[in-house]
$ cat coords-v9.cif   # mmCIF, C-alpha atoms
data_start
loop_
_atom_site.label_atom_id
_atom_site.label_comp_id
_atom_site.auth_asym_id
_atom_site.auth_seq_id
_atom_site.Cartn_x
_atom_site.Cartn_y
_atom_site.Cartn_z
CA MET A 1 0.00 0.00 0.00
CA LEU A 2 2.72 2.47 0.93
CA SER A 3 4.54 1.91 -2.34
CA ALA A 4 1.41 2.77 -4.29
CA VAL A 5 0.86 5.87 -2.24
CA ARG A 6 4.53 6.86 -2.46
CA ASN A 7 4.40 6.73 -6.25
CA SER A 8 1.67 9.39 -6.32
CA ARG A 9 3.15 12.79 -7.12
CA LYS A 10 0.30 14.57 -5.41
CA LEU A 11 1.02 13.49 -1.85
CA SER A 12 3.40 15.31 0.43
CA PRO A 13 6.00 13.62 2.68
CA ASN A 14 3.97 14.66 5.75
CA THR A 15 0.95 12.84 4.41
CA LEU A 16 3.00 9.72 3.74
CA LEU A 17 4.29 9.84 7.30
CA ILE A 18 0.73 9.95 8.59
CA VAL A 19 -0.17 6.89 6.52
CA ARG A 20 2.80 4.96 7.94
CA CYS A 21 1.79 5.87 11.48
CA LEU A 22 -1.83 4.90 11.12
CA SER A 23 -1.55 1.29 9.91
CA THR A 24 -5.23 0.85 10.55
CA GLU A 25 -6.56 -0.02 7.13
CA ALA A 26 -7.53 -3.66 6.83
CA SER A 27 -7.62 -5.27 3.43
CA THR A 28 -10.97 -6.96 4.02
CA THR A 29 -13.69 -6.71 1.44
CA SER A 30 -16.53 -4.26 2.05
CA SER A 31 -20.04 -5.60 2.35
CA SER A 32 -21.44 -2.83 0.22
CA SER A 33 -23.02 -3.91 -3.04
CA ASP A 34 -21.67 -0.74 -4.63
CA LEU A 35 -18.12 -2.02 -4.24
CA GLN A 36 -18.30 -5.32 -6.09
CA ASN A 37 -16.87 -6.05 -9.50
CA LEU A 38 -14.85 -2.86 -9.84
CA PRO A 39 -13.92 -2.34 -13.50
CA PRO A 40 -10.29 -2.01 -14.63
CA PRO A 41 -8.98 1.53 -15.06
CA LYS A 42 -9.48 3.06 -18.45
CA HIS A 43 -6.80 5.08 -20.20
CA PRO A 44 -8.19 6.70 -23.33
CA GLY A 45 -5.61 6.71 -26.07
CA SER A 46 -7.15 9.18 -28.45
CA SER A 47 -6.12 12.81 -28.35
CA PRO A 48 -8.72 15.25 -27.03
CA LYS A 49 -10.82 17.10 -29.53
CA PRO A 50 -10.57 20.89 -29.66
CA LYS A 51 -13.42 22.59 -27.81
CA SER A 52 -15.92 24.65 -29.72
CA ARG A 53 -16.93 28.15 -28.74
CA ALA A 54 -20.22 26.74 -27.44
CA SER A 55 -18.39 24.79 -24.75
CA MET A 56 -16.78 27.74 -22.99
CA TYR A 57 -17.73 26.38 -19.56
CA LEU A 58 -16.25 23.20 -18.18
CA GLN A 59 -18.67 20.32 -18.13
CA PRO A 60 -18.89 17.82 -15.24
CA ARG A 61 -17.51 14.37 -15.69
CA PRO A 62 -20.24 11.80 -16.39
CA ALA A 63 -21.65 10.25 -13.23
CA HIS A 64 -21.24 6.49 -12.90
CA THR A 65 -24.50 5.41 -11.33
CA ALA A 66 -23.92 1.70 -10.79
CA GLN A 67 -20.72 1.57 -8.76
CA TYR A 68 -17.74 3.50 -7.49
CA GLN A 69 -14.72 3.78 -9.77
CA PRO A 70 -11.23 2.89 -8.45
CA LEU A 71 -8.81 5.69 -7.60
CA HIS A 72 -5.58 5.04 -9.46
CA ASP A 73 -3.40 6.89 -6.93
CA LEU A 74 -4.44 4.59 -4.05
CA PRO A 75 -4.61 0.82 -3.53
CA PRO A 76 -8.03 -0.59 -4.57
CA THR A 77 -9.06 -1.46 -1.00
CA PHE A 78 -7.87 1.72 0.70
CA GLY A 79 -10.65 3.63 2.43
CA ARG A 80 -13.46 1.40 1.24
CA ASN A 81 -15.16 1.84 4.60
CA GLN A 82 -15.98 5.38 3.41
CA LEU A 83 -18.08 4.13 0.47
CA LEU A 84 -21.40 3.73 2.25
CA PRO A 85 -24.33 2.33 0.23
CA VAL A 86 -27.67 4.10 -0.17
CA SER A 87 -30.86 3.07 -1.94
CA ASN A 88 -30.94 3.25 -5.72
CA SER A 89 -33.49 6.07 -5.62
CA THR A 90 -31.34 8.13 -3.25
CA ARG A 91 -28.20 7.51 -5.29
CA ALA A 92 -29.94 8.46 -8.54
CA LEU A 93 -31.33 11.67 -7.05
CA LEU A 94 -28.00 12.77 -5.56
CA GLU A 95 -26.04 12.08 -8.73
CA SER A 96 -28.62 13.78 -10.94
CA ILE A 97 -28.43 16.93 -8.82
CA VAL A 98 -24.63 17.13 -8.84
CA ALA A 99 -24.57 16.43 -12.59
CA GLN A 100 -26.53 19.67 -13.17
CA PHE A 101 -23.54 21.80 -12.11
CA ASP A 102 -21.34 22.80 -15.04
CA ALA A 103 -18.66 24.29 -12.77
CA PRO A 104 -15.81 21.81 -12.08
CA ILE A 105 -16.14 19.91 -8.78
CA ARG A 106 -13.30 17.67 -7.59
CA TYR A 107 -14.97 16.10 -4.57
CA ALA A 108 -18.64 16.07 -3.60
CA PHE A 109 -20.63 14.39 -0.86
CA ALA A 110 -24.15 14.52 0.54
CA TYR A 111 -24.98 14.23 4.23
CA GLY A 112 -27.70 14.78 6.80
CA SER A 113 -31.24 13.56 7.38
CA GLY A 114 -32.11 13.91 3.70
CA VAL A 115 -29.63 11.14 2.84
CA PHE A 116 -29.53 8.89 5.91
CA GLU A 117 -32.59 8.56 8.11
CA GLN A 118 -32.52 10.16 11.56
CA ASP A 119 -34.79 9.34 14.48
CA GLY A 120 -37.48 11.99 14.94
CA TYR A 121 -37.49 12.95 11.26
CA GLY A 122 -39.58 11.73 8.37
CA ALA A 123 -38.37 9.62 5.50
CA ASN A 124 -35.45 10.90 3.50
CA ALA A 125 -35.80 13.34 0.65
CA THR A 126 -36.11 10.69 -2.07
CA THR A 127 -39.55 9.52 -0.96
CA SER A 128 -41.43 12.09 -3.01
CA ALA A 129 -38.68 13.58 -5.18
CA THR A 130 -37.88 13.08 -8.81
CA THR A 131 -35.10 10.50 -9.24
CA GLY A 132 -32.72 10.23 -12.13
CA LYS A 133 -34.37 12.98 -14.19
CA THR A 134 -34.01 16.71 -14.36
CA ASN A 135 -37.38 18.26 -13.54
CA VAL A 136 -36.93 21.76 -12.24
CA ASN A 137 -40.67 22.46 -12.46
CA LYS A 138 -41.68 19.77 -10.01
CA PRO A 139 -43.26 21.34 -6.90
CA ILE A 140 -41.27 21.15 -3.68
CA ASP A 141 -42.56 18.80 -1.01
CA PRO A 142 -42.67 20.93 2.17
CA ASP A 143 -42.39 17.85 4.40
CA ALA A 144 -39.27 16.45 2.69
CA PRO A 145 -36.01 17.18 4.51
CA MET A 146 -33.51 19.43 2.80
CA LEU A 147 -30.60 17.71 1.07
CA ASP A 148 -27.17 18.90 2.22
CA PHE A 149 -24.17 18.81 -0.13
CA MET A 150 -20.54 19.85 0.15
CA PHE A 151 -18.44 20.59 -2.95
CA ALA A 152 -14.64 20.80 -2.84
CA VAL A 153 -13.17 22.72 -5.77
CA THR A 154 -9.71 23.77 -6.91
CA HIS A 155 -10.34 27.43 -7.78
CA PRO A 156 -13.34 28.93 -5.93
CA ALA A 157 -13.53 32.17 -7.95
CA HIS A 158 -13.61 30.14 -11.16
CA PHE A 159 -16.30 27.84 -9.75
CA HIS A 160 -18.53 30.70 -8.58
CA SER A 161 -18.10 32.57 -11.86
CA ILE A 162 -19.35 29.61 -13.89
CA ASN A 163 -22.00 28.66 -11.34
CA MET A 164 -23.30 32.22 -11.06
CA HIS A 165 -23.67 32.33 -14.83
CA GLN A 166 -25.51 28.99 -14.91
CA HIS A 167 -27.54 29.29 -11.67
CA PRO A 168 -27.92 33.01 -10.87
CA SER A 169 -30.95 32.35 -8.66
CA HIS A 170 -28.76 30.38 -6.23
CA TYR A 171 -27.04 33.62 -5.18
CA THR A 172 -28.45 36.69 -3.48
CA LEU A 173 -28.74 39.95 -5.42
CA HIS A 174 -25.78 41.61 -3.72
CA SER A 175 -23.63 38.53 -4.41
CA ARG A 176 -24.43 38.74 -8.10
CA VAL A 177 -23.74 42.47 -8.12
CA PHE A 178 -20.31 42.13 -6.47
CA GLY A 179 -19.46 39.02 -8.45
CA SER A 180 -17.48 35.83 -7.98
CA ASP A 181 -14.43 37.58 -6.49
CA TYR A 182 -16.58 38.87 -3.63
CA VAL A 183 -18.14 35.44 -3.07
CA SER A 184 -14.77 33.68 -3.02
CA ALA A 185 -13.37 36.33 -0.64
CA VAL A 186 -16.24 35.77 1.81
CA GLN A 187 -15.83 32.03 1.41
CA ALA A 188 -12.15 32.29 2.39
CA ILE A 189 -13.08 33.65 5.83
CA THR A 190 -12.78 30.96 8.51
CA PRO A 191 -13.88 28.17 8.27
CA GLY A 192 -13.57 28.59 4.52
CA VAL A 193 -17.06 27.63 3.30
CA TRP A 194 -19.73 29.42 1.24
CA PHE A 195 -23.30 28.11 1.44
CA ASN A 196 -26.18 28.50 -1.01
CA THR A 197 -29.35 27.43 0.77
CA LEU A 198 -33.01 26.72 -0.02
CA VAL A 199 -32.23 25.96 -3.66
CA PRO A 200 -35.03 24.02 -5.43
CA MET A 201 -33.74 21.16 -7.57
CA ASN A 202 -35.43 17.96 -8.78
CA GLY A 203 -38.43 18.40 -6.50
CA VAL A 204 -36.45 18.98 -3.29
CA ASN A 205 -34.76 21.90 -1.55
CA ILE A 206 -30.99 21.59 -1.32
CA LYS A 207 -28.25 23.43 0.52
CA TYR A 208 -24.74 23.17 -0.84
CA GLY A 209 -21.47 24.39 0.57
CA VAL A 210 -18.40 25.24 -1.47
CA THR A 211 -14.86 24.96 -0.13
CA THR A 212 -11.42 24.30 -1.58
CA VAL A 213 -9.74 20.91 -1.66
CA ASP A 214 -6.76 22.43 0.18
CA ASN A 215 -8.97 23.79 2.97
CA LEU A 216 -10.88 20.52 3.27
CA CYS A 217 -7.78 18.33 3.46
CA SER A 218 -6.09 20.66 5.94
CA ASP A 219 -9.06 20.48 8.29
CA LEU A 220 -9.28 16.71 7.93
CA LEU A 221 -5.61 16.32 8.85
CA ASN A 222 -5.15 19.01 11.49
CA TRP A 223 -8.62 19.82 12.86
CA ASN A 224 -8.01 23.53 12.30
CA THR A 225 -11.71 24.33 12.74
CA LEU A 226 -13.45 20.92 12.83
CA TYR A 227 -16.17 22.54 10.73
CA LEU A 228 -15.63 20.22 7.78
CA ALA A 229 -13.80 17.40 9.57
CA GLY A 230 -16.60 17.14 12.14
CA ARG A 231 -19.27 16.82 9.48
CA MET A 232 -17.27 14.04 7.89
CA HIS A 233 -17.13 12.06 11.14
CA LYS A 234 -20.73 11.03 10.44
CA PRO A 235 -22.07 8.85 7.61
CA LEU A 236 -22.08 10.55 4.21
CA ARG A 237 -22.53 9.56 0.60
CA ILE A 238 -19.62 10.32 -1.71
CA ILE A 239 -20.77 11.43 -5.15
CA LYS A 240 -17.47 12.55 -6.68
CA ASP A 241 -14.34 11.02 -5.20
CA ASP A 242 -10.74 12.23 -5.01
CA ALA A 243 -7.64 10.29 -3.92
CA ARG A 244 -6.22 13.08 -1.78
CA VAL A 245 -9.49 13.58 0.10
CA ARG A 246 -9.99 9.83 0.50
CA LEU A 247 -6.57 9.59 2.15
CA THR A 248 -6.97 12.56 4.49
CA GLN A 249 -10.51 11.49 5.40
CA GLN A 250 -9.15 8.14 6.59
CA VAL A 251 -6.78 10.07 8.86
CA ASN A 252 -9.71 12.18 10.09
CA LEU A 253 -11.83 9.13 10.94
CA THR A 254 -8.95 7.52 12.83
CA SER A 255 -8.35 10.75 14.76
CA ALA A 256 -12.02 10.80 15.77
CA VAL A 257 -11.72 7.23 17.08
CA ARG A 258 -8.58 8.08 19.08
CA ALA A 259 -10.19 11.18 20.61
CA ALA A 260 -13.32 9.22 21.53
CA LEU A 261 -11.37 6.34 23.09
CA LEU A 262 -9.49 8.77 25.33
CA THR A 263 -12.79 9.91 26.84
CA LEU A 264 -14.34 6.44 27.30
CA PRO A 265 -13.85 3.86 30.09
CA GLU A 266 -12.40 0.37 29.79
CA HIS A 267 -15.73 -1.23 28.79
CA PHE A 268 -18.36 0.54 26.70
CA SER A 269 -20.91 -0.11 23.98
CA GLU A 270 -20.59 0.67 20.29
CA THR A 271 -23.49 3.13 20.67
CA GLU A 272 -21.48 5.09 23.25
CA LEU A 273 -18.52 5.17 20.85
CA PHE A 274 -20.65 6.37 17.94
CA GLU A 275 -22.38 9.05 20.02
CA ARG A 276 -19.02 10.30 21.29
CA ILE A 277 -17.69 10.54 17.73
CA ALA A 278 -20.85 12.13 16.31
CA GLY A 279 -20.89 14.69 19.12
CA ILE A 280 -17.42 16.07 18.42
CA SER A 281 -18.63 18.59 15.83
CA TYR A 282 -21.51 19.76 18.05
CA THR A 283 -19.30 20.46 21.06
CA GLY A 284 -19.07 24.23 21.30
CA ASP A 285 -21.38 24.88 18.32
CA PRO A 286 -23.40 28.01 19.24
CA ARG A 287 -26.42 26.67 17.36
CA MET A 288 -26.85 24.00 20.03
CA ILE A 289 -27.83 26.63 22.61
CA LEU A 290 -30.71 27.86 20.42
CA PRO A 291 -34.19 26.59 21.28
CA ALA A 292 -34.71 25.43 17.69
CA GLU A 293 -31.93 22.84 17.86
CA ASN A 294 -32.80 19.36 19.04
CA ARG A 295 -30.84 18.54 22.21
CA GLY A 296 -31.05 14.85 21.35
CA LYS A 297 -29.72 15.32 17.81
CA VAL A 298 -26.62 13.17 18.33
CA GLY A 299 -28.67 10.31 19.72
CA ASN A 300 -31.15 10.60 16.87
CA ILE A 301 -28.36 10.32 14.32
CA VAL A 302 -26.77 7.25 15.90
CA LYS A 303 -30.06 5.47 16.60
CA LYS A 304 -31.01 5.22 12.94
CA GLN A 305 -27.52 5.07 11.43
CA GLY A 306 -25.84 2.48 13.64
CA SER A 307 -25.08 0.12 10.75
CA GLN A 308 -23.46 2.92 8.74
CA PHE A 309 -21.35 3.98 11.73
CA LYS A 310 -20.17 0.40 12.21
CA GLU A 311 -19.25 0.06 8.53
CA LEU A 312 -17.36 3.34 8.76
CA TYR A 313 -15.40 2.69 11.95
CA HIS A 314 -15.17 -1.01 12.84
CA ARG A 315 -12.07 -1.86 10.80
CA LEU A 316 -10.35 1.31 12.01
CA VAL A 317 -11.07 0.58 15.68
CA VAL A 318 -9.87 -3.04 15.64
CA GLY A 319 -6.67 -1.92 13.91
CA LEU A 320 -5.67 0.24 16.89
CA PRO A 321 -3.50 -1.22 19.67
CA GLY A 322 -5.18 -2.30 22.88
CA VAL A 323 -8.78 -2.36 21.54
CA HIS A 324 -10.90 -5.52 21.36
CA TRP A 325 -14.17 -5.42 19.40
CA PRO A 326 -15.46 -8.69 17.85
CA ALA A 327 -17.48 -8.05 14.70
CA ASN A 328 -20.58 -9.78 16.07
CA MET A 329 -20.51 -7.98 19.42
CA GLN A 330 -21.88 -4.59 20.47
CA TYR A 331 -19.47 -4.08 23.34
CA ILE A 332 -15.87 -2.91 23.18
CA GLN A 333 -12.95 -3.29 25.57
CA GLN A 334 -9.81 -1.15 25.57
CA ASP A 335 -6.56 -0.94 27.51
CA ILE A 336 -6.78 2.21 29.64
CA SER A 337 -3.27 2.14 31.06
CA PRO A 338 -1.34 5.42 30.66
CA GLN A 339 1.09 3.67 28.32
CA ALA A 340 -1.72 2.50 26.01
CA ARG A 341 -3.58 5.81 26.09
CA SER A 342 -0.40 7.73 25.33
CA LEU A 343 -0.25 5.95 21.95
CA HIS A 344 -3.60 7.51 21.06
CA LEU A 345 -2.86 10.87 22.64
CA ARG A 346 0.37 11.62 20.79
CA LYS A 347 -1.26 10.89 17.40
CA LEU A 348 -4.16 13.31 17.75
CA PRO A 349 -4.40 16.11 15.13
CA VAL A 350 -1.75 18.78 15.55
CA ASN A 351 -4.15 21.61 16.39
CA LEU A 352 -5.73 19.62 19.21
CA ILE A 353 -2.29 18.65 20.51
CA PHE A 354 -1.28 22.32 20.40
CA HIS A 355 -4.28 23.26 22.55
CA LEU A 356 -3.58 20.44 25.00
CA LYS A 357 0.05 21.46 25.37
CA GLN A 358 -1.05 25.03 26.01
CA ARG A 359 -3.27 23.72 28.79
CA TYR A 360 -0.81 21.25 30.33
CA GLY A 361 2.42 23.10 29.60
CA LEU A 362 5.10 22.37 27.05
CA GLN A 363 7.53 19.49 27.36
CA THR A 364 10.59 20.48 29.41
CA LYS A 365 13.42 18.18 30.48
CA GLU A 366 11.54 14.89 30.61
CA GLU A 367 11.76 12.46 27.73
CA GLU A 368 9.04 12.53 25.09
CA ASN A 369 7.57 9.15 26.04
CA GLN A 370 7.43 10.13 29.71
CA TYR A 371 5.71 13.38 28.80
CA TRP A 372 2.91 11.67 26.88
CA VAL A 373 2.48 8.93 29.51
CA ARG A 374 2.15 11.60 32.20
CA LEU A 375 -0.53 13.44 30.23
CA ALA A 376 -2.36 10.20 29.41
CA GLY A 377 -2.45 9.24 33.09
CA ASP A 378 -4.14 12.47 34.14
CA GLY A 379 -7.65 11.73 35.42
CA GLU A 380 -8.90 15.04 34.05
CA LEU A 381 -7.74 14.30 30.49
CA PRO A 382 -11.27 13.47 29.15
CA GLU A 383 -12.60 16.80 30.40
CA MET A 384 -9.54 18.61 29.05
CA LEU A 385 -10.09 17.05 25.63
CA ASN A 386 -13.75 18.07 25.57
CA ARG A 387 -12.84 21.59 26.65
CA GLU A 388 -10.20 22.06 23.96
CA ILE A 389 -12.43 20.58 21.25
CA ARG A 390 -15.10 23.04 22.35
CA THR A 391 -12.58 25.86 21.99
CA ILE A 392 -11.63 24.74 18.47
CA VAL A 393 -15.25 24.45 17.31
CA ARG A 394 -16.82 27.55 18.87
CA ARG A 395 -15.18 30.42 16.97
CA PRO A 396 -15.36 29.03 13.39
CA ALA A 397 -18.93 27.84 13.92
CA THR A 398 -19.95 31.26 15.21
CA ILE A 399 -18.30 33.04 12.27
CA GLN A 400 -19.96 30.71 9.76
CA THR A 401 -23.35 31.36 11.35
CA MET A 402 -22.82 35.10 10.82
CA LYS A 403 -21.56 34.49 7.28
CA GLY A 404 -24.91 32.86 6.57
CA LEU A 405 -26.53 36.30 6.59
CA MET A 406 -24.12 37.40 3.86
CA SER A 407 -24.50 34.30 1.68
CA ALA A 408 -28.22 33.58 2.12
CA GLY A 409 -29.50 37.10 2.71
CA LEU A 410 -31.97 38.21 5.37
CA GLY A 411 -35.04 36.74 3.67
CA LYS A 412 -33.67 33.22 3.21
CA SER A 413 -32.06 33.30 6.65
CA ILE A 414 -35.43 34.05 8.27
CA LYS A 415 -37.15 31.38 6.17
CA TYR A 416 -34.45 28.83 6.99
CA SER A 417 -34.64 29.60 10.72
CA THR A 418 -38.44 29.36 10.61
CA GLN A 419 -38.23 25.92 9.03
CA LYS A 420 -35.74 24.79 11.67
CA ILE A 421 -38.04 25.95 14.45
CA SER A 422 -41.03 24.28 12.78
CA LYS A 423 -39.08 21.02 12.42
CA TRP A 424 -37.98 21.20 16.04
CA TRP A 425 -41.57 21.88 17.17
CA LYS A 426 -42.93 18.93 15.22
CA GLY A 427 -40.16 16.70 16.52
CA ALA A 428 -40.77 17.82 20.11
CA GLY A 429 -44.47 17.13 19.72
CA ALA A 430 -43.83 13.71 18.26
CA GLY A 431 -41.41 12.92 21.08
CA SER A 432 -43.99 13.90 23.69
CA THR A 433 -46.58 11.72 21.97
CA ASN A 434 -44.23 8.74 21.91
CA LYS A 435 -43.44 9.16 25.59
CA SER A 436 -47.13 9.36 26.51
CA ASP A 437 -47.89 6.28 24.39
CA SER A 438 -45.09 4.30 26.01
CA SER A 439 -46.24 5.26 29.48
#
$ encode --input "coords-v9.cif" --output "structure tokens"
Amino acid sequence: MLSAVRNSRKLSPNTLLIVRCLSTEASTTSSSSDLQNLPPPKHPGSSPKPKSRASMYLQPRPAHTAQYQPLHDLPPTFGRNQLLPVSNSTRALLESIVAQFDAPIRYAFAYGSGVFEQDGYGANATTSATTGKTNVNKPIDPDAPMLDFMFAVTHPAHFHSINMHQHPSHYTLHSRVFGSDYVSAVQAITPGVWFNTLVPMNGVNIKYGVTTVDNLCSDLLNWNTLYLAGRMHKPLRIIKDDARVRLTQQVNLTSAVRAALLTLPEHFSETELFERIAGISYTGDPRMILPAENRGKVGNIVKKQGSQFKELYHRLVVGLPGVHWPANMQYIQQDISPQARSLHLRKLPVNLIFHLKQRYGLQTKEEENQYWVRLAGDGELPEMLNREIRTIVRRPATIQTMKGLMSAGLGKSIKYSTQKISKWWKGAGAGSTNKSDSS
């Protein structure tokens, strides 16, 4: 595996070092039906035809609807835990939506209750939506959850210029007036994402964020803001794949497991592990203090998506030292000695380590191993980790919430907030009804 990765010209030495340190990827075959019978790579031999004046804007690569295509820069089995299956109707809808964007997208994924069912919410967005066909005139189902997408691009100004020309209604009036340079400048503000929300497509409302591949991979590796990395701790459906993102996402998932294990006891259930991982991105998020946000959101996600979480994390967890988790069991055991925990602690993302060292004090005269064992043996380490993660999340999440007024405008922001409150109210009412029925 390392030789295949080393031959890629796109990967830096630091990334290769991270891959050597992880050693958590098992070569077992995924159970997903999407992953069977992968075709051999194709290398077209004919020279490209000159583009006509009518094709001024870059067209998206054709979507392969039946199965994922192999990434030539990585071994065939690397990161296959990330390729989570969805129903054919969901897959067709997601791919048909992304295929409507002429602007070049290197990596795209869909996430949230519109893709994977969550407890307390209705069926996903494909129940009443158009699938596999472009039908912009189909009325929007008000009860269908909004579909959330994230697009990683190479040149944001170029993307927004093409996208603004093709889909001007996706942008507010002032964004169109100031142009793509303004949009990309606002996007670059921490955490580096621009959102277009409440966009009707194929019979559903969608919200899509735009970031750069560099910003995405940096957050996945280092947890600079956890805004993107935290979203990718939970199940998602990859629509357009990229070798560099696949690699850094595997590092991100392993970092989430290490951080969760450091806050858990010797014996715990897989549900506790999944809830701890899913809750990382919500720790410190200012939206969670608003009355419209569901306090049980993390539990709702894990309750309905347990099988996806297990597919995503099981092979990574059993590849770590000192962790025992049989595939047919729901309970996990780990070695909680300071020596074992120090192996997880020292391999956390660099930004989290920086915050911990600021809290505990920098290493002085003691040897490096002794330093990490001392920190790992501190009984207050779990609370320290939660506190520093909260510090990392709070500022970028707050800034992005304020950026929403600039990207969505006042009207859409009010409408979006109203829908959130309405969804919370319906969910609260349903929860009360369920409790009364059970009693």
$ resolve_selection --input "coords-v9.cif" --expression "the PyMOL selection byres ((chain A and resi 240) around 7)" --output "ChimeraX atom specification"
/A:106-109,238-239,241-242
$ atom_distance --input "coords-v9.cif" --atom1 "atom CA of Lys304 of chain A" --atom2 "atom CA of Ser96 of chain A"
25.5 Å
$ closest_residue --input "coords-v9.cif" --among "A:Asp214, A:Asp148, A:Glu380, A:Glu266" --to "Arg359 of chain A" --atoms "only C-alpha atoms"
A:Glu380
$ resolve_selection --input "coords-v9.cif" --expression "the PyMOL selection byres ((chain A and resi 373) around 6)" --output "ChimeraX atom specification"
/A:338-339,342,370-372,374-376
$ residues_around --input "coords-v9.cif" --residues "Asn252 of chain A" --least-positions-apart "6" --cutoff "8 Å" --atoms "only C-alpha atoms" --output "PyMOL selection string"
chain A and resi 220-221+229+233
$ resolve_selection --input "coords-v9.cif" --expression "the PyMOL selection byres ((chain A and resi 384) around 12)" --output "number ranges by chain"
A: 259, 262-263, 352-353, 355-360, 375-376, 378-383, 385-391
$ closest_residue --input "coords-v9.cif" --among "A:Thr212, A:Ser161, A:Asn81, A:Gln69" --to "Arg315 of chain A" --atoms "all atoms listed in the file"
A:Asn81
$ atom_distance --input "coords-v9.cif" --atom1 "atom CA of Thr197 of chain A" --atom2 "atom CA of Ser113 of chain A"
15.5 Å
$ closest_residue --input "coords-v9.cif" --among "A:Phe151, A:Ser218, A:His174, A:His314" --to "Phe195 of chain A" --atoms "all atoms listed in the file"
A:Phe151
$ atom_distance --input "coords-v9.cif" --atom1 "atom CA of Val257 of chain A" --atom2 "atom CA of Val210 of chain A"
26.7 Å
$ residues_around --input "coords-v9.cif" --residues "segment 271-273 of chain A" --least-positions-apart "4" --cutoff "8 Å" --atoms "only C-alpha atoms" --output "number ranges by chain"
A: 260-261, 264, 277, 302, 306, 330
$ closest_residue --input "coords-v9.cif" --among "A:Gly112, A:Pro235, A:Gly179, A:Pro396" --to "Leu253 of chain A" --atoms "all atoms listed in the file"
A:Pro235
$ closest_residue --input "coords-v9.cif" --among "A:Arg276, A:His267, A:Arg395, A:Lys297" --to "His324 of chain A" --atoms "all atoms listed in the file"
A:His267
$ closest_residue --input "coords-v9.cif" --among "A:Ser281, A:Gln334, A:Ser180, A:Asn300" --to "Leu226 of chain A" --atoms "all atoms listed in the file"
A:Ser281
